[in-house]
>>> print(open('structure39.txt').read())   # compact mmCIF, C-alpha atoms and all ligand atoms
# COMPACT_ATOMS: atom_id res chain seq x y z
CA MET A 1 25.08 23.56 -24.40
CA ILE A 2 26.43 26.25 -22.09
CA VAL A 3 24.62 29.51 -21.43
CA ARG A 4 25.19 32.40 -19.07
CA SER A 5 22.86 32.77 -16.13
CA SER A 6 21.79 36.11 -14.72
CA ARG A 7 24.55 35.85 -12.11
CA GLY A 8 27.15 35.59 -14.85
CA ASN A 9 28.19 32.00 -14.16
CA GLU A 10 28.11 29.33 -16.79
CA ILE A 11 25.37 26.81 -16.24
CA ARG A 12 24.30 23.82 -18.25
CA SER A 13 21.21 24.28 -20.35
CA SER A 14 19.63 21.30 -18.56
CA GLU A 15 19.47 23.49 -15.47
CA ILE A 16 17.35 26.16 -17.07
CA THR A 17 14.06 26.34 -18.85
CA PRO A 18 13.94 25.75 -22.62
CA LYS A 19 15.39 28.39 -24.90
CA GLN A 20 12.07 30.04 -25.61
CA ALA A 21 11.42 30.61 -21.94
CA PHE A 22 14.95 31.84 -21.42
CA LEU A 23 14.53 34.51 -24.09
CA GLU A 24 11.17 35.45 -22.71
CA HIS A 25 12.52 35.85 -19.20
CA LYS A 26 15.25 38.17 -20.46
CA ALA A 27 12.62 40.33 -22.11
CA THR A 28 10.51 40.57 -18.96
CA ARG A 29 13.19 40.86 -16.29
CA ARG A 30 12.71 44.62 -15.99
CA GLY A 31 9.02 44.09 -15.40
CA PHE A 32 9.69 41.72 -12.53
CA LEU A 33 12.16 44.04 -10.84
CA ALA A 34 9.75 46.92 -11.18
CA GLY A 35 6.93 44.89 -9.68
CA ALA A 36 8.97 43.39 -6.87
CA GLY A 37 8.29 46.32 -4.56
CA ALA A 38 4.60 45.56 -4.49
CA ILE A 39 4.89 42.85 -1.83
CA GLY A 40 1.54 42.18 -0.26
CA ALA A 41 -0.62 43.51 -3.05
CA GLY A 42 -0.33 40.12 -4.73
CA PHE A 43 -3.16 37.70 -5.11
CA LEU A 44 -5.41 39.27 -2.52
CA THR A 45 -6.92 41.27 -5.34
CA HIS A 46 -5.67 39.62 -8.50
CA GLY A 47 -6.71 36.01 -7.98
CA LEU A 48 -6.43 34.24 -11.30
CA MET A 49 -4.65 37.01 -13.19
CA GLU A 50 -1.28 36.01 -14.56
CA PRO A 51 1.01 39.01 -14.40
CA ALA A 52 3.42 39.56 -17.29
CA ASN A 53 6.47 39.62 -15.03
CA HIS A 54 7.23 35.91 -14.92
CA VAL A 55 10.51 34.69 -13.47
CA PHE A 56 12.45 31.65 -14.60
CA ALA A 57 15.21 29.34 -13.45
CA GLY A 58 18.46 31.18 -12.85
CA GLU A 59 16.73 34.46 -12.08
CA LYS A 60 17.97 36.00 -8.83
CA LEU A 61 15.58 36.33 -5.89
CA ASN A 62 16.08 39.25 -3.54
CA SER A 63 16.04 37.08 -0.42
CA VAL A 64 16.53 38.37 3.09
CA ALA A 65 18.43 36.53 5.83
CA SER A 66 16.48 34.25 8.15
CA LYS A 67 16.92 33.06 11.72
CA TYR A 68 15.93 29.57 10.55
CA THR A 69 19.36 28.70 9.22
CA VAL A 70 21.94 26.06 10.12
CA SER A 71 25.68 26.59 9.86
CA ASP A 72 26.54 23.13 8.44
CA THR A 73 28.74 23.11 5.35
CA GLN A 74 26.48 23.68 2.35
CA THR A 75 26.11 21.21 -0.48
CA THR A 76 27.41 22.61 -3.74
CA PHE A 77 24.85 24.03 -6.20
CA GLN A 78 26.19 21.60 -8.77
CA LYS A 79 25.44 18.57 -6.58
CA ALA A 80 22.08 19.77 -5.27
CA THR A 81 20.84 20.32 -8.82
CA ASN A 82 22.22 17.12 -10.37
CA TRP A 83 21.41 14.52 -7.68
CA ASN A 84 17.64 14.58 -7.32
CA ASN A 85 14.61 12.49 -6.60
CA PHE A 86 11.83 13.64 -8.90
CA TYR A 87 10.33 10.42 -10.20
CA GLU A 88 8.05 12.19 -12.67
CA PHE A 89 11.24 12.79 -14.68
CA GLY A 90 12.85 9.40 -14.17
CA THR A 91 13.98 7.27 -11.24
CA ASP A 92 17.77 7.68 -11.47
CA LYS A 93 19.31 10.48 -9.43
CA THR A 94 20.68 12.19 -12.53
CA ASP A 95 17.48 11.84 -14.61
CA PRO A 96 15.64 14.95 -13.36
CA ALA A 97 18.54 17.28 -14.24
CA HIS A 98 18.51 15.87 -17.77
CA ASN A 99 14.76 15.61 -18.28
CA ALA A 100 12.93 18.24 -16.24
CA HIS A 101 13.51 21.01 -18.78
CA THR A 102 10.32 19.81 -20.50
CA LEU A 103 8.22 21.06 -17.57
CA HIS A 104 6.41 24.31 -18.38
CA THR A 105 6.58 26.42 -15.23
CA ARG A 106 4.51 29.32 -16.62
CA PRO A 107 1.68 29.93 -16.64
CA TRP A 108 1.28 28.11 -13.31
CA THR A 109 -1.45 28.26 -10.74
CA VAL A 110 -1.97 26.74 -7.30
CA GLU A 111 -5.51 25.82 -6.29
CA LEU A 112 -6.52 26.27 -2.66
CA SER A 113 -9.43 23.93 -1.99
CA GLY A 114 -11.31 21.79 0.50
CA LEU A 115 -12.18 22.96 4.00
CA VAL A 116 -11.07 26.54 3.60
CA LYS A 117 -12.82 29.92 3.47
CA LYS A 118 -10.91 31.49 0.59
CA LYS A 119 -11.15 28.76 -2.03
CA GLN A 120 -9.35 30.11 -5.05
CA THR A 121 -6.76 29.56 -7.74
CA VAL A 122 -3.67 31.69 -7.36
CA GLY A 123 -1.03 32.55 -9.96
CA VAL A 124 2.43 31.50 -8.79
CA ASP A 125 3.92 34.95 -9.44
CA ASP A 126 1.34 36.44 -7.11
CA LEU A 127 2.29 33.82 -4.51
CA LEU A 128 5.97 34.66 -4.95
CA LYS A 129 5.32 38.32 -4.23
CA TYR A 130 2.93 37.80 -1.34
CA ARG A 131 5.60 37.86 1.38
CA PRO A 132 9.31 38.71 1.55
CA ILE A 133 11.43 35.79 0.41
CA GLU A 134 13.83 34.47 3.07
CA SER A 135 16.99 32.49 2.48
CA ARG A 136 17.07 29.53 4.85
CA VAL A 137 19.85 26.95 5.01
CA TYR A 138 18.19 23.64 5.92
CA ARG A 139 19.40 20.10 6.44
CA HIS A 140 17.74 17.83 3.87
CA ARG A 141 17.61 14.13 4.85
CA CYS A 142 16.42 11.63 2.26
CA VAL A 143 14.82 8.41 3.53
CA GLU A 144 17.53 6.64 1.49
CA ALA A 145 20.09 7.74 4.14
CA TRP A 146 21.87 10.47 2.20
CA SER A 147 21.64 14.11 3.13
CA MET A 148 22.45 17.58 1.85
CA VAL A 149 22.49 21.10 3.23
CA ILE A 150 20.65 23.47 0.92
CA PRO A 151 19.89 27.19 1.07
CA TRP A 152 16.21 27.44 0.11
CA ASP A 153 14.32 30.62 -0.71
CA GLY A 154 10.73 31.09 0.35
CA TYR A 155 8.46 32.03 3.23
CA SER A 156 6.64 30.05 5.89
CA LEU A 157 3.67 28.12 4.52
CA SER A 158 1.75 29.39 7.56
CA GLU A 159 1.55 32.80 5.82
CA LEU A 160 -0.45 31.30 2.98
CA ILE A 161 -2.55 29.14 5.30
CA ASN A 162 -3.43 32.20 7.38
CA PHE A 163 -4.46 34.00 4.21
CA ALA A 164 -6.57 31.05 3.05
CA GLU A 165 -8.39 30.74 6.40
CA PRO A 166 -8.99 27.02 6.91
CA LEU A 167 -12.27 26.05 8.55
CA PRO A 168 -12.04 24.72 12.13
CA SER A 169 -12.81 21.25 10.72
CA ALA A 170 -9.60 21.26 8.64
CA LYS A 171 -7.07 19.02 10.41
CA TYR A 172 -4.66 18.21 7.56
CA VAL A 173 -3.14 19.82 4.50
CA GLN A 174 -2.54 17.84 1.31
CA PHE A 175 -0.08 18.83 -1.42
CA ILE A 176 -0.67 17.62 -4.96
CA SER A 177 2.06 17.86 -7.56
CA LYS A 178 1.66 18.45 -11.27
CA VAL A 179 1.26 15.44 -13.54
CA ASP A 180 1.20 15.85 -17.31
CA ARG A 181 2.43 13.02 -19.51
CA SER A 182 3.10 15.37 -22.41
CA GLN A 183 5.63 17.25 -20.26
CA MET A 184 6.85 14.14 -18.43
CA PRO A 185 7.82 11.59 -21.06
CA GLU A 186 9.74 9.57 -18.46
CA LEU A 187 6.74 9.29 -16.10
CA PRO A 188 7.17 5.76 -14.69
CA SER A 189 4.22 3.39 -14.57
CA GLY A 190 3.24 1.58 -11.39
CA TYR A 191 2.75 4.77 -9.37
CA ASP A 192 -0.54 6.36 -8.44
CA TRP A 193 0.17 9.79 -9.98
CA PRO A 194 -0.09 12.62 -9.20
CA TYR A 195 2.50 12.75 -6.43
CA SER A 196 0.68 13.51 -3.23
CA GLU A 197 1.89 14.33 0.27
CA GLY A 198 0.42 15.72 3.45
CA LEU A 199 0.94 17.21 6.88
CA ARG A 200 -1.09 17.58 10.03
CA MET A 201 -2.30 21.19 10.38
CA ASP A 202 0.10 22.03 13.23
CA GLU A 203 3.01 20.69 11.17
CA ALA A 204 1.93 22.74 8.18
CA MET A 205 1.67 25.81 10.43
CA ASN A 206 5.10 25.27 12.00
CA PRO A 207 7.27 28.22 10.89
CA LEU A 208 9.94 25.81 9.60
CA THR A 209 7.62 24.48 6.89
CA LEU A 210 8.74 26.49 3.91
CA LEU A 211 6.77 27.41 0.80
CA THR A 212 9.74 27.36 -1.52
CA PHE A 213 10.34 29.22 -4.79
CA GLY A 214 14.11 29.11 -5.03
CA CYS A 215 17.41 27.70 -3.88
CA TYR A 216 20.88 29.26 -3.71
CA GLY A 217 19.24 32.67 -4.13
CA GLU A 218 17.78 31.83 -7.52
CA VAL A 219 14.48 30.68 -8.92
CA LEU A 220 14.22 26.88 -8.48
CA PRO A 221 15.70 24.79 -11.27
CA ASN A 222 12.96 22.54 -12.63
CA GLN A 223 14.60 19.41 -11.21
CA ASN A 224 14.30 20.86 -7.69
CA GLY A 225 10.55 21.33 -7.96
CA ALA A 226 9.90 24.57 -9.85
CA PRO A 227 8.01 26.77 -9.67
CA VAL A 228 6.82 26.09 -6.13
CA ARG A 229 7.32 23.26 -3.62
CA VAL A 230 7.37 22.73 0.11
CA VAL A 231 10.40 21.91 2.26
CA ILE A 232 9.86 20.28 5.66
CA PRO A 233 13.36 19.91 7.11
CA TRP A 234 12.63 17.63 10.09
CA LYS A 235 10.99 14.96 7.90
CA TYR A 236 12.40 12.61 5.30
CA GLY A 237 12.75 14.29 1.92
CA PHE A 238 9.81 12.58 0.24
CA LYS A 239 7.39 14.60 2.41
CA SER A 240 8.56 17.76 0.60
CA ALA A 241 6.38 17.65 -2.52
CA LYS A 242 7.68 19.38 -5.65
CA SER A 243 5.94 21.38 -8.38
CA ILE A 244 2.70 21.81 -6.44
CA VAL A 245 -0.55 22.64 -8.25
CA LYS A 246 -3.07 22.04 -5.47
CA ILE A 247 -3.25 22.49 -1.70
CA VAL A 248 -6.26 20.76 -0.15
CA PHE A 249 -7.50 21.26 3.41
CA THR A 250 -9.05 18.06 4.78
CA ASP A 251 -10.54 16.60 7.97
CA LYS A 252 -8.96 13.17 7.38
CA GLN A 253 -5.34 12.14 7.00
CA PRO A 254 -4.77 12.50 3.25
CA LYS A 255 -3.54 9.75 0.98
CA THR A 256 0.12 10.06 0.11
CA LEU A 257 1.85 8.40 -2.84
CA TRP A 258 4.59 6.54 -0.97
CA ASN A 259 2.36 5.49 1.91
CA GLU A 260 -0.12 3.99 -0.56
CA ILE A 261 2.67 2.06 -2.29
CA ASN A 262 4.19 0.67 0.89
CA SER A 263 2.79 1.83 4.21
CA SER A 264 5.20 -0.30 6.26
CA GLU A 265 8.20 1.48 4.73
CA TYR A 266 6.86 5.03 4.35
CA GLY A 267 4.72 6.28 7.21
CA PHE A 268 2.55 9.37 7.13
CA TYR A 269 4.69 11.17 9.72
CA SER A 270 8.15 10.16 8.47
CA ASN A 271 9.92 12.36 10.99
CA VAL A 272 13.67 11.86 10.78
CA ASN A 273 14.38 9.44 13.63
CA PRO A 274 17.68 7.56 14.06
CA GLN A 275 15.94 5.12 16.45
CA VAL A 276 13.35 3.92 13.97
CA ASP A 277 14.99 2.03 11.14
CA HIS A 278 13.56 1.64 7.67
CA PRO A 279 12.57 -2.05 7.33
CA ARG A 280 15.42 -2.52 4.82
CA TRP A 281 18.18 -0.32 6.26
CA SER A 282 19.34 1.59 9.32
CA GLN A 283 18.41 5.24 9.75
CA GLY A 284 21.09 5.77 12.41
CA HIS A 285 23.57 7.33 10.00
CA GLU A 286 23.54 9.27 6.76
CA ARG A 287 25.92 10.00 3.93
CA ARG A 288 26.30 13.78 3.93
CA ILE A 289 26.78 15.03 0.40
CA ASP A 290 28.25 18.49 0.75
CA THR A 291 31.53 19.27 -0.93
CA GLY A 292 30.65 17.27 -4.03
CA PHE A 293 33.50 14.81 -3.49
CA LEU A 294 33.17 11.76 -1.27
CA PRO A 295 30.14 11.79 1.02
CA ARG A 296 30.93 11.67 4.74
CA THR A 297 29.08 9.27 7.02
CA ILE A 298 27.67 11.12 10.05
CA PRO A 299 25.14 10.22 12.74
CA THR A 300 21.53 11.16 12.00
CA GLN A 301 19.96 13.49 14.56
CA MET A 302 16.48 13.19 16.04
CA PHE A 303 14.09 15.32 13.96
CA ASN A 304 17.11 16.01 11.73
CA GLY A 305 18.46 18.36 14.42
CA TYR A 306 15.26 20.44 14.63
CA ALA A 307 13.95 18.92 17.90
CA ASP A 308 13.89 22.30 19.69
CA GLN A 309 11.42 23.65 17.16
CA VAL A 310 9.27 20.57 16.51
CA ALA A 311 9.47 17.93 19.27
CA SER A 312 6.62 19.47 21.28
CA MET A 313 4.19 18.69 18.44
CA TYR A 314 4.68 14.99 19.14
CA THR A 315 4.64 14.79 22.94
CA GLY A 316 2.71 11.73 24.08
CA MET A 317 2.90 10.10 20.65
CA ASP A 318 4.58 6.73 20.16
CA LEU A 319 7.02 7.61 17.39
CA LYS A 320 7.77 3.92 16.69
CA LYS A 321 4.09 3.38 15.92
CA ASN A 322 3.61 6.74 14.21
CA TYR A 323 6.70 6.42 12.04
N1 LIG B 1 6.54 15.55 -7.02
C1 LIG B 1 7.59 14.97 -6.42
N2 LIG B 1 8.07 15.52 -5.28
C2 LIG B 1 9.16 14.95 -4.65
C3 LIG B 1 9.73 13.77 -5.14
C4 LIG B 1 9.20 13.20 -6.34
O1 LIG B 1 9.66 12.17 -6.86
N3 LIG B 1 8.14 13.84 -6.95
N4 LIG B 1 10.81 13.19 -4.47
C5 LIG B 1 10.95 13.52 -3.03
C6 LIG B 1 12.21 13.03 -2.46
S1 LIG B 1 12.34 11.36 -2.17
C7 LIG B 1 13.21 13.88 -2.07
S2 LIG B 1 14.59 13.31 -1.25
C8 LIG B 1 13.15 15.33 -2.40
C9 LIG B 1 14.36 15.73 -3.21
O2 LIG B 1 14.42 17.13 -3.37
P1 LIG B 1 15.65 17.78 -4.15
O3 LIG B 1 15.84 17.02 -5.42
O4 LIG B 1 15.31 19.20 -4.38
O5 LIG B 1 16.86 17.63 -3.25
O6 LIG B 1 11.98 15.68 -3.15
C10 LIG B 1 10.78 15.02 -2.77
N5 LIG B 1 9.65 15.56 -3.52
MO MO B 2 14.02 11.08 -0.63
>>> encode(input="structure39.txt", output="structure tokens", more="lines below")
Ligand SMILES: Nc1nc2c(c(=O)[nH]1)N[C@H]1C(S)=C(S)[C@@H](COP(=O)(O)O)O[C@H]1N2
Ligand SMILES: [Mo]
Amino acid sequence: MIVRSSRGNEIRSSEITPKQAFLEHKATRRGFLAGAGAIGAGFLTHGLMEPANHVFAGEKLNSVASKYTVSDTQTTFQKATNWNNFYEFGTDKTDPAHNAHTLHTRPWTVELSGLVKKKQTVGVDDLLKYRPIESRVYRHRCVEAWSMVIPWDGYSLSELINFAEPLPSAKYVQFISKVDRSQMPELPSGYDWPYSEGLRMDEAMNPLTLLTFGCYGEVLPNQNGAPVRVVIPWKYGFKSAKSIVKIVFTDKQPKTLWNEINSSEYGFYSNVNPQVDHPRWSQGHERRIDTGFLPRTIPTQMFNGYADQVASMYTGMDLKKNY
């Protein structure tokens, strides 16, 4: 089925929310635009309240330009939304685009918990309006040695962490993704769901770590982790948890799904590093998927090319040991 998105292009129905949600978002679009000026009011006062002005896949975000942007050739929207890892919706790269429409992205809340002053549950629309949304073109390097260049829309996670006020004892941040078998009929067995990932506090506070609501200037398609995910561009893609429902502040390094499955292949840090190979393949090169035709093989850069902004967090650390 083909429908028209808000930007007037034709998009496949698998890239948007189910029909019901699509109709609903049309009816409420005016409400969202009217409320968009109220940046900052957000969840500071509303907490659990779900505002009526929900936004859905395909809806335009009024993003502002960002200094955190690379000039590499961008991956096409078509490719970035049809070649995905989102195992909750199947393990083939094309599965999420076909299956993720069953995810209900509203109502949606994110729980802030653990070692933090302002423990609370926040509606995702309040989160979206908390700070101006920036468009940031990031390199995106999967541990499987392919890469893309994607314009994401969001704001630094540090903004939310500063709001939440972690206790001094909080040393790590854990991200927990949604799991719901009724919405994820393809949920594979053999994994310790929900998907879980984590960062050290300084990594989570690094301005590059993006709390992400959109890509290509639009609300995230479900297969890219709607309605809210993180993007950590100097780490392998699996660190960037999708469809987050819980952010937990902890004093110990949190459990992560891939590390629990195979700690020798998927380390907690997983910084992009061409000198530390995956046990089963080289990480020295990557297949850059950009134009949508044949991928080009290019050398992988240390910290995915973000060394200037992140290398100082790891001075004195043995990156072969802390892979
Ligand atoms: N919840 C969840 N988050 C996830 C994954 C997943 O399977 N489930 N896959 C990860 C991997 S391996 C990659 S490469 C990126 C892919 O993000 P993209 O599909 O938006 O490019 O999401 C990451 N986040
Ligand atoms: Mo990945």
>>> residues_near_ligand(input="structure39.txt", ligand="ligand LIG 1 (chain B)", cutoff="9 Å", atoms="all atoms listed in the file", output="PDB file with C-alpha atoms, keeping the file's coordinate frame")
ATOM      1  CA  ALA A  80      22.080  19.770  -5.270  1.00  0.00           C
ATOM      2  CA  THR A  81      20.840  20.320  -8.820  1.00  0.00           C
ATOM      3  CA  ASN A  82      22.220  17.120 -10.370  1.00  0.00           C
ATOM      4  CA  TRP A  83      21.410  14.520  -7.680  1.00  0.00           C
ATOM      5  CA  ASN A  84      17.640  14.580  -7.320  1.00  0.00           C
ATOM      6  CA  ASN A  85      14.610  12.490  -6.600  1.00  0.00           C
ATOM      7  CA  PHE A  86      11.830  13.640  -8.900  1.00  0.00           C
ATOM      8  CA  TYR A  87      10.330  10.420 -10.200  1.00  0.00           C
ATOM      9  CA  GLU A  88       8.050  12.190 -12.670  1.00  0.00           C
ATOM     10  CA  PHE A  89      11.240  12.790 -14.680  1.00  0.00           C
ATOM     11  CA  GLY A  90      12.850   9.400 -14.170  1.00  0.00           C
ATOM     12  CA  THR A  91      13.980   7.270 -11.240  1.00  0.00           C
ATOM     13  CA  LYS A  93      19.310  10.480  -9.430  1.00  0.00           C
ATOM     14  CA  PRO A  96      15.640  14.950 -13.360  1.00  0.00           C
ATOM     15  CA  HIS A 140      17.740  17.830   3.870  1.00  0.00           C
ATOM     16  CA  ARG A 141      17.610  14.130   4.850  1.00  0.00           C
ATOM     17  CA  CYS A 142      16.420  11.630   2.260  1.00  0.00           C
ATOM     18  CA  VAL A 143      14.820   8.410   3.530  1.00  0.00           C
ATOM     19  CA  GLU A 144      17.530   6.640   1.490  1.00  0.00           C
ATOM     20  CA  TRP A 146      21.870  10.470   2.200  1.00  0.00           C
ATOM     21  CA  SER A 147      21.640  14.110   3.130  1.00  0.00           C
ATOM     22  CA  MET A 148      22.450  17.580   1.850  1.00  0.00           C
ATOM     23  CA  ILE A 150      20.650  23.470   0.920  1.00  0.00           C
ATOM     24  CA  ILE A 176      -0.670  17.620  -4.960  1.00  0.00           C
ATOM     25  CA  SER A 177       2.060  17.860  -7.560  1.00  0.00           C
ATOM     26  CA  LYS A 178       1.660  18.450 -11.270  1.00  0.00           C
ATOM     27  CA  VAL A 179       1.260  15.440 -13.540  1.00  0.00           C
ATOM     28  CA  PRO A 194      -0.090  12.620  -9.200  1.00  0.00           C
ATOM     29  CA  TYR A 195       2.500  12.750  -6.430  1.00  0.00           C
ATOM     30  CA  SER A 196       0.680  13.510  -3.230  1.00  0.00           C
ATOM     31  CA  GLU A 197       1.890  14.330   0.270  1.00  0.00           C
ATOM     32  CA  CYS A 215      17.410  27.700  -3.880  1.00  0.00           C
ATOM     33  CA  LEU A 220      14.220  26.880  -8.480  1.00  0.00           C
ATOM     34  CA  PRO A 221      15.700  24.790 -11.270  1.00  0.00           C
ATOM     35  CA  GLN A 223      14.600  19.410 -11.210  1.00  0.00           C
ATOM     36  CA  ASN A 224      14.300  20.860  -7.690  1.00  0.00           C
ATOM     37  CA  GLY A 225      10.550  21.330  -7.960  1.00  0.00           C
ATOM     38  CA  ARG A 229       7.320  23.260  -3.620  1.00  0.00           C
ATOM     39  CA  VAL A 230       7.370  22.730   0.110  1.00  0.00           C
ATOM     40  CA  VAL A 231      10.400  21.910   2.260  1.00  0.00           C
ATOM     41  CA  TYR A 236      12.400  12.610   5.300  1.00  0.00           C
ATOM     42  CA  GLY A 237      12.750  14.290   1.920  1.00  0.00           C
ATOM     43  CA  PHE A 238       9.810  12.580   0.240  1.00  0.00           C
ATOM     44  CA  LYS A 239       7.390  14.600   2.410  1.00  0.00           C
ATOM     45  CA  SER A 240       8.560  17.760   0.600  1.00  0.00           C
ATOM     46  CA  ALA A 241       6.380  17.650  -2.520  1.00  0.00           C
ATOM     47  CA  LYS A 242       7.680  19.380  -5.650  1.00  0.00           C
ATOM     48  CA  SER A 243       5.940  21.380  -8.380  1.00  0.00           C
ATOM     49  CA  ILE A 244       2.700  21.810  -6.440  1.00  0.00           C
TER      50      ILE A 244
END
>>> closest_residue(input="structure39.txt", among="A:Gly198, A:Gly267, A:Pro274, A:Gly154", to="Asn304 (chain A)", atoms="all atoms listed in the file")
A:Pro274
>>> closest_residue(input="structure39.txt", among="A:Trp193, A:Tyr266, A:Phe175, A:Trp108", to="ligand MO 2 (chain B)", atoms="all atoms listed in the file")
A:Tyr266
>>> residues_around(input="structure39.txt", residues="Asp202 (chain A)", least_positions_apart="4", cutoff="10 Å", atoms="all atoms listed in the file", output="VMD selection string")
chain A and resid 158 171 to 173 206 to 207 310 313
>>> atom_distance(input="structure39.txt", atom1="CA of Trp152 (chain A)", atom2="CA of Tyr216 (chain A)")
6.3 Å
>>> atom_distance(input="structure39.txt", atom1="CA of Glu286 (chain A)", atom2="CA of Ala145 (chain A)")
4.6 Å
>>> atom_distance(input="structure39.txt", atom1="CA of Phe77 (chain A)", atom2="CA of Leu128 (chain A)")
21.7 Å
>>> closest_residue(input="structure39.txt", among="A:Pro185, A:Arg296, A:His285, A:Glu218", to="His98 (chain A)", atoms="all atoms listed in the file")
A:Pro185
>>> decode(input="structure39.txt", residues="region 232-238 of chain A", atoms="all heavy atoms", output="CSV table (one decimal), in the first residue's frame")
chain,number,residue,atom,x,y,z
A,232,ILE,N,24.8,6.8,19.7
A,232,ILE,CA,26.2,7.1,20.3
A,232,ILE,C,27.2,6.8,19.1
A,232,ILE,O,27.6,5.7,18.9
A,232,ILE,CB,26.5,6.1,21.5
A,232,ILE,CG1,25.3,6.3,22.5
A,232,ILE,CG2,27.8,6.4,22.1
A,232,ILE,CD1,24.7,5.0,22.9
A,233,PRO,N,27.5,7.9,18.4
A,233,PRO,CA,28.2,7.7,17.1
A,233,PRO,C,29.6,7.1,17.1
A,233,PRO,O,30.0,6.7,16.0
A,233,PRO,CB,28.1,9.1,16.4
A,233,PRO,CG,28.1,10.0,17.6
A,233,PRO,CD,27.3,9.3,18.7
A,234,TRP,N,30.3,7.2,18.2
A,234,TRP,CA,31.7,6.7,18.2
A,234,TRP,C,31.7,5.2,18.7
A,234,TRP,O,32.8,4.6,18.8
A,234,TRP,CB,32.6,7.5,19.1
A,234,TRP,CG,32.4,7.4,20.6
A,234,TRP,CD1,33.1,6.6,21.5
A,234,TRP,CD2,31.4,8.1,21.4
A,234,TRP,NE1,32.6,6.8,22.8
A,234,TRP,CE2,31.6,7.7,22.8
A,234,TRP,CE3,30.4,9.1,21.1
A,234,TRP,CZ2,30.8,8.2,23.8
A,234,TRP,CZ3,29.7,9.6,22.2
A,234,TRP,CH2,29.9,9.2,23.5
A,235,LYS,N,30.6,4.6,18.9
A,235,LYS,CA,30.5,3.2,19.4
A,235,LYS,C,29.8,2.4,18.3
A,235,LYS,O,29.0,2.9,17.5
A,235,LYS,CB,29.8,3.1,20.7
A,235,LYS,CG,30.5,3.7,21.8
A,235,LYS,CD,29.7,3.6,23.1
A,235,LYS,CE,30.5,4.2,24.3
A,235,LYS,NZ,31.6,3.4,24.8
A,236,TYR,N,30.0,1.1,18.3
A,236,TYR,CA,29.3,0.2,17.4
A,236,TYR,C,27.8,0.3,17.6
A,236,TYR,O,27.3,0.6,18.8
A,236,TYR,CB,29.8,-1.3,17.6
A,236,TYR,CG,31.2,-1.5,17.2
A,236,TYR,CD1,32.2,-1.9,18.1
A,236,TYR,CD2,31.6,-1.2,15.9
A,236,TYR,CE1,33.5,-2.0,17.7
A,236,TYR,CE2,32.9,-1.3,15.5
A,236,TYR,CZ,33.9,-1.7,16.4
A,236,TYR,OH,35.2,-1.8,16.0
A,237,GLY,N,27.1,0.1,16.6
A,237,GLY,CA,25.6,0.4,16.5
A,237,GLY,C,24.8,-0.2,17.6
A,237,GLY,O,23.8,0.4,18.1
A,238,PHE,N,25.2,-1.4,18.1
A,238,PHE,CA,24.4,-2.1,19.1
A,238,PHE,C,24.3,-1.4,20.4
A,238,PHE,O,23.4,-1.6,21.2
A,238,PHE,CB,24.8,-3.6,19.2
A,238,PHE,CG,26.1,-3.8,19.9
A,238,PHE,CD1,26.2,-3.9,21.3
A,238,PHE,CD2,27.2,-4.0,19.2
A,238,PHE,CE1,27.4,-4.1,21.9
A,238,PHE,CE2,28.5,-4.2,19.8
A,238,PHE,CZ,28.6,-4.2,21.1
